[in-house]
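> Just dropping this structure here.
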Amino acid sequence: MDFTSDNASGIAPEILDALACVNVGTASSYGADEVTARLKARLSEVFEHDLDVFPVVTGTAANALALATLTPPHGAVLCHELAHVHADECGAPEMFSGGAKLVPVGGAGARIDAALLVAELAKLPAGNVHNVQPATLTLTQSTELGGVYTPDEIAALAAIARERDMHVHMDGARFANALASLDVSPAEATWKAGADIMSFGATKNGAMAAEAVIVFNAGLARDLAFRRKRAGHLLSKMRFISAQLEAYIEDGLWLRLAAHSNAMTARLAAGLRSFQGAELLVEPQANEIFLRLPVVTLKRLRDEGARFHPWPMPGDDRAVRTVRLVTSFQTTPEEVDRFISVASG
């Protein structure tokens with residue numbers, strides 16, 4: 001019963017097979033191999049758009065490189081106050097950009113509220129040398145609380161950004177989970193809704209260490225190759241990253257894995273609603289649950305081997321605590337049902 005994180009899961013068998021296949025023979029180094037070339041073509045097909053792709057090995061690197069490409073040192077990145085780039089990346093976006101400022105914005109369910117975005121932008125007048133200049137809006141999909149932005153919501157926020165000549169970045173660490181929940185095309189959920197660039201995550205959903213920066217707006221890719229090299233993410237044996245990403249999107253594997261993960265979260269949420277003392281703080285839409293339980297119940301779960309992270313939230317006290325539960329492509333119905341059984345006493 002390990003619900004600590006989808007990062008705790010292993011590697012999908014199909015991706016392991018792809019790694020074994022690409023391990024035969026030799027290949028050109030530093031991304032000049034056939035697999036990386038194929039990856040760009042395949043992703044262009046999946047997203048219905050000619051694009052550039054820059055594989056890297058961590059989500060933090062993908063986010064920081066993407067935001068640094070869009071944001072000058074005197075610029076501002078508008079993000080949700082709970083966004084990973086703001087709360088969990090140790091200042092990497094600021095460092096990679098040479099000092100750009102992250103400006104947090106509120107909103108329920110870790111989704112940026114349009115009115116609050118407008119209000120924050122009003123505090124940063126264009127051309128005023130005394131304040132940073134808004135340059136980038138970043139949206140996390142799925143959100144840090146397990147919700148999703150609809151294409152219409154993305155488009156509305158992107159329109160506000162466009163009024164200030166800003167670019168739009170999407171942190172897609174769990175993009176597959178959001179897509180499986182929305183049941184829309186990758187194109188509809190990204191560039192058609194206004195995204196210029198995205199961090200495309202695979203590690204949480206079955207890869208070993210494979211992420212990518214995907215650039216939909218060709219003019220934005222000019223210096224990203226140099227930034228990636230300077231940051232130490234131009235791997236000499238890039239084919240082993242590209243092969244994972246190629247296998248990930250082949251025949252819809254990424255969406256099948258994410259759909260299973262989402263289904264396990266839905267099963268878990270349905271079971272937890274059935275007994276008194278459990279409170280779901282946010283309606284789960286992807287593969288994360290934020291749940292308030294009595295402390296005695298949490299102890300019983302831990303004693304029975306359940307693993308999860310505490311997640312302090314307003315309203316917690318000595319008697320009840322909030323925890324985060326995350327499912328993955330490896331989560332089984334048996335694990336979910338056992339957790340529900342133990343929690344219900």
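Going by the structure tokens order, chains are called A, B, ..., each with residues numbered from 1, while ligands are numbered from 1 in the order shown.
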Do you know which residues are at most 12 Å from Met95 (chain A) counting only C-alpha atoms, after dropping those on the same chain fewer than 6 positions away, and could you put them as a PyMOL selection string?
chain A and resi 60-61+63-65+67-68+71-73+85+89+101-102+231
> Can those selected residues be exported to a file as a PDB file, in the first residue's frame so that it contains N, CA and C atoms?

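Below is the file result.pdb, written as the result:
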```pdb
ATOM      1  N   THR A  60      12.457  19.255 -13.040  1.00  0.00           N
ATOM      2  CA  THR A  60      12.958  20.558 -12.610  1.00  0.00           C
ATOM      3  C   THR A  60      13.774  21.213 -13.724  1.00  0.00           C
ATOM      4  N   ALA A  61      14.627  20.424 -14.382  1.00  0.00           N
ATOM      5  CA  ALA A  61      15.412  20.962 -15.489  1.00  0.00           C
ATOM      6  C   ALA A  61      14.510  21.409 -16.631  1.00  0.00           C
ATOM      7  N   ASN A  63      11.369  22.424 -16.502  1.00  0.00           N
ATOM      8  CA  ASN A  63      10.690  23.664 -16.119  1.00  0.00           C
ATOM      9  C   ASN A  63      11.640  24.852 -16.132  1.00  0.00           C
ATOM     10  N   ALA A  64      12.794  24.681 -15.507  1.00  0.00           N
ATOM     11  CA  ALA A  64      13.725  25.800 -15.375  1.00  0.00           C
ATOM     12  C   ALA A  64      14.258  26.254 -16.730  1.00  0.00           C
ATOM     13  N   LEU A  65      14.574  25.304 -17.607  1.00  0.00           N
ATOM     14  CA  LEU A  65      15.061  25.659 -18.938  1.00  0.00           C
ATOM     15  C   LEU A  65      13.976  26.351 -19.747  1.00  0.00           C
ATOM     16  N   LEU A  67      11.301  28.031 -18.644  1.00  0.00           N
ATOM     17  CA  LEU A  67      10.997  29.365 -18.113  1.00  0.00           C
ATOM     18  C   LEU A  67      12.138  30.347 -18.373  1.00  0.00           C
ATOM     19  N   ALA A  68      13.372  29.872 -18.303  1.00  0.00           N
ATOM     20  CA  ALA A  68      14.512  30.745 -18.581  1.00  0.00           C
ATOM     21  C   ALA A  68      14.535  31.171 -20.047  1.00  0.00           C
ATOM     22  N   THR A  71      11.831  34.002 -20.202  1.00  0.00           N
ATOM     23  CA  THR A  71      11.802  35.081 -19.221  1.00  0.00           C
ATOM     24  C   THR A  71      13.175  35.710 -19.038  1.00  0.00           C
ATOM     25  N   PRO A  72      13.302  37.013 -19.251  1.00  0.00           N
ATOM     26  CA  PRO A  72      14.595  37.672 -19.021  1.00  0.00           C
ATOM     27  C   PRO A  72      14.854  37.854 -17.523  1.00  0.00           C
ATOM     28  N   PRO A  73      16.078  38.186 -17.152  1.00  0.00           N
ATOM     29  CA  PRO A  73      16.394  38.362 -15.720  1.00  0.00           C
ATOM     30  C   PRO A  73      15.535  39.410 -15.029  1.00  0.00           C
ATOM     31  N   VAL A  85       7.107  24.873  -9.460  1.00  0.00           N
ATOM     32  CA  VAL A  85       8.217  25.786  -9.780  1.00  0.00           C
ATOM     33  C   VAL A  85       8.437  26.794  -8.667  1.00  0.00           C
ATOM     34  N   GLU A  89      11.284  23.641  -6.251  1.00  0.00           N
ATOM     35  CA  GLU A  89      12.406  23.498  -7.169  1.00  0.00           C
ATOM     36  C   GLU A  89      13.632  24.293  -6.755  1.00  0.00           C
ATOM     37  N   LYS A 101      11.825  36.878 -11.435  1.00  0.00           N
ATOM     38  CA  LYS A 101      11.026  36.790 -10.209  1.00  0.00           C
ATOM     39  C   LYS A 101       9.782  35.936 -10.454  1.00  0.00           C
ATOM     40  N   LEU A 102       9.498  35.017  -9.519  1.00  0.00           N
ATOM     41  CA  LEU A 102       8.258  34.266  -9.562  1.00  0.00           C
ATOM     42  C   LEU A 102       7.208  34.994  -8.736  1.00  0.00           C
ATOM     43  N   ALA A 231      23.415  23.702 -19.037  1.00  0.00           N
ATOM     44  CA  ALA A 231      22.850  23.190 -17.792  1.00  0.00           C
ATOM     45  C   ALA A 231      23.235  21.746 -17.517  1.00  0.00           C
TER      46      ALA A 231
END
```
> Where does region 199-274 of chain A meet region 164-182 of chain A within 10 Å, residue by residue, with the nearest atom pair and distance in Å to one decimal for each, counting only C-alpha atoms, listed by chain and rising number, as a tab-separated table?

```
residue	atom	partner	partner_atom	distance
A:Ser199	CA	A:Asp171	CA	5.0
A:Phe200	CA	A:Gly172	CA	5.0
A:Gly201	CA	A:Ala173	CA	4.1
A:Ala202	CA	A:Ala173	CA	7.1
A:Thr203	CA	A:Ala173	CA	8.0
A:Lys204	CA	A:Arg174	CA	7.0
A:Asn205	CA	A:Arg174	CA	7.6
A:Glu211	CA	A:Ala173	CA	8.2
A:Ala212	CA	A:Gly172	CA	9.7
A:Val213	CA	A:Asp171	CA	9.6
A:Ile214	CA	A:Met170	CA	9.8
A:Val215	CA	A:His169	CA	9.5
A:Asn217	CA	A:His167	CA	9.7
A:Leu220	CA	A:His167	CA	9.6
A:Ile249	CA	A:Ala176	CA	9.9
A:Leu253	CA	A:Ala176	CA	9.9
A:Trp254	CA	A:Ala176	CA	6.3
A:Leu255	CA	A:Ala176	CA	5.8
A:Arg256	CA	A:Ala180	CA	8.1
A:Leu257	CA	A:Ala176	CA	8.4
A:Ala258	CA	A:Asn177	CA	4.8
A:Ala259	CA	A:Ala180	CA	5.5
A:His260	CA	A:Asn177	CA	9.2
A:Ser261	CA	A:Asn177	CA	7.6
A:Asn262	CA	A:Asn177	CA	6.6
A:Ala263	CA	A:Ser181	CA	9.5
```
> Please produce a file of those selected residues containing C-alpha atoms, as an mmCIF file, in the first residue's frame.

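The resulting out_20.cif:
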```
data_model
loop_
_atom_site.group_PDB
_atom_site.id
_atom_site.type_symbol
_atom_site.label_atom_id
_atom_site.label_comp_id
_atom_site.auth_asym_id
_atom_site.auth_seq_id
_atom_site.Cartn_x
_atom_site.Cartn_y
_atom_site.Cartn_z
ATOM 1 C CA SER A 199 7.498 20.488 -19.843
ATOM 2 C CA PHE A 200 6.429 17.020 -20.950
ATOM 3 C CA GLY A 201 6.701 14.518 -18.131
ATOM 4 C CA ALA A 202 7.060 10.742 -18.371
ATOM 5 C CA THR A 203 9.016 9.742 -15.256
ATOM 6 C CA LYS A 204 5.975 9.765 -12.955
ATOM 7 C CA ASN A 205 4.034 7.627 -15.430
ATOM 8 C CA GLU A 211 11.278 14.384 -19.517
ATOM 9 C CA ALA A 212 11.314 16.871 -22.380
ATOM 10 C CA VAL A 213 10.812 20.508 -23.221
ATOM 11 C CA ILE A 214 8.377 20.690 -26.137
ATOM 12 C CA VAL A 215 8.312 23.955 -28.060
ATOM 13 C CA ASN A 217 6.316 28.277 -31.060
ATOM 14 C CA LEU A 220 11.235 30.358 -28.911
ATOM 15 C CA ILE A 249 3.787 7.648 -26.649
ATOM 16 C CA LEU A 253 0.830 3.677 -23.900
ATOM 17 C CA TRP A 254 1.140 6.919 -21.934
ATOM 18 C CA LEU A 255 -2.632 7.423 -21.855
ATOM 19 C CA ARG A 256 -3.348 3.798 -20.907
ATOM 20 C CA LEU A 257 -0.916 4.011 -18.001
ATOM 21 C CA ALA A 258 -2.400 7.314 -16.853
ATOM 22 C CA ALA A 259 -5.979 6.083 -17.235
ATOM 23 C CA HIS A 260 -5.206 3.141 -14.945
ATOM 24 C CA SER A 261 -3.618 5.444 -12.384
ATOM 25 C CA ASN A 262 -6.641 7.768 -12.504
ATOM 26 C CA ALA A 263 -9.019 4.814 -12.169
#
```
> Would you please work out which residue, of A:Ile289, A:Leu145, A:Ala266, A:Leu16, is nearest to Asp337 (chain A) when using only C-alpha atoms?
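Once distances to Asp337 (chain A) are computed over only C-alpha atoms, the minimum belongs to A:Ala266.
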> If you run DSSP on the backbone, which residues of region 149-223 of chain A are strand (DSSP E or B), as a list in words?
His167, Val168, His169, Met170, Asp171, Gly172, Ile197, Met198, Ser199, Phe200, Gly201, Glu211, Ala212, Val213, Ile214 and Val215 of chain A
> Which parts of region 121-234 of chain A does DSSP call alpha helix (DSSP H) when run on the backbone here, written out as number ranges by chain?
A: 121-122, 151-163, 175-182, 224-230
> Just the selected residues (C-alpha atoms), exported as a PDB file, in the first residue's frame, please.

```
ATOM      1  CA  LEU A 121      -0.599  41.895 -13.358  1.00  0.00           C
ATOM      2  CA  ALA A 122      -2.060  45.307 -12.520  1.00  0.00           C
ATOM      3  CA  PRO A 151      -8.940  23.760 -22.562  1.00  0.00           C
ATOM      4  CA  ASP A 152     -11.365  26.662 -22.141  1.00  0.00           C
ATOM      5  CA  GLU A 153      -9.827  27.582 -18.782  1.00  0.00           C
ATOM      6  CA  ILE A 154      -6.335  27.473 -20.285  1.00  0.00           C
ATOM      7  CA  ALA A 155      -7.457  29.618 -23.213  1.00  0.00           C
ATOM      8  CA  ALA A 156      -9.032  32.213 -20.911  1.00  0.00           C
ATOM      9  CA  LEU A 157      -5.856  32.549 -18.835  1.00  0.00           C
ATOM     10  CA  ALA A 158      -3.689  32.574 -21.962  1.00  0.00           C
ATOM     11  CA  ALA A 159      -5.782  35.429 -23.362  1.00  0.00           C
ATOM     12  CA  ILE A 160      -5.069  37.486 -20.236  1.00  0.00           C
ATOM     13  CA  ALA A 161      -1.364  36.762 -20.643  1.00  0.00           C
ATOM     14  CA  ARG A 162      -1.434  37.739 -24.322  1.00  0.00           C
ATOM     15  CA  GLU A 163      -2.827  41.149 -23.401  1.00  0.00           C
ATOM     16  CA  PHE A 175       0.092  15.833 -18.295  1.00  0.00           C
ATOM     17  CA  ALA A 176      -0.939  12.284 -19.263  1.00  0.00           C
ATOM     18  CA  ASN A 177      -3.130  12.028 -16.162  1.00  0.00           C
ATOM     19  CA  ALA A 178      -4.796  15.335 -17.002  1.00  0.00           C
ATOM     20  CA  LEU A 179      -5.324  14.292 -20.604  1.00  0.00           C
ATOM     21  CA  ALA A 180      -6.823  10.951 -19.604  1.00  0.00           C
ATOM     22  CA  SER A 181      -9.205  12.808 -17.305  1.00  0.00           C
ATOM     23  CA  LEU A 182     -10.209  15.453 -19.844  1.00  0.00           C
ATOM     24  CA  LEU A 224      17.206  26.425 -25.811  1.00  0.00           C
ATOM     25  CA  ALA A 225      19.753  23.997 -27.241  1.00  0.00           C
ATOM     26  CA  PHE A 226      22.568  26.112 -25.777  1.00  0.00           C
ATOM     27  CA  ARG A 227      20.806  26.497 -22.443  1.00  0.00           C
ATOM     28  CA  ARG A 228      20.342  22.728 -22.205  1.00  0.00           C
ATOM     29  CA  LYS A 229      24.022  22.093 -22.914  1.00  0.00           C
ATOM     30  CA  ARG A 230      25.139  24.717 -20.410  1.00  0.00           C
TER      31      ARG A 230
END
```
> Need the shell around region 104-109 of chain A: protein/DNA/RNA residues with any atom at most 9 Å away, counting only C-alpha atoms. Skip same-chain ones fewer than 6 positions apart. Format as a list in words?
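Close residues of region 104-109 of chain A: Val77, Leu78, Cys79, His80, Glu81, Leu82, Ala83, His86, Leu116, Leu117, Glu120, Thr143, Glu144, Leu145, Gly146, Gly147, Val148, Val282 and Glu283 of chain A.
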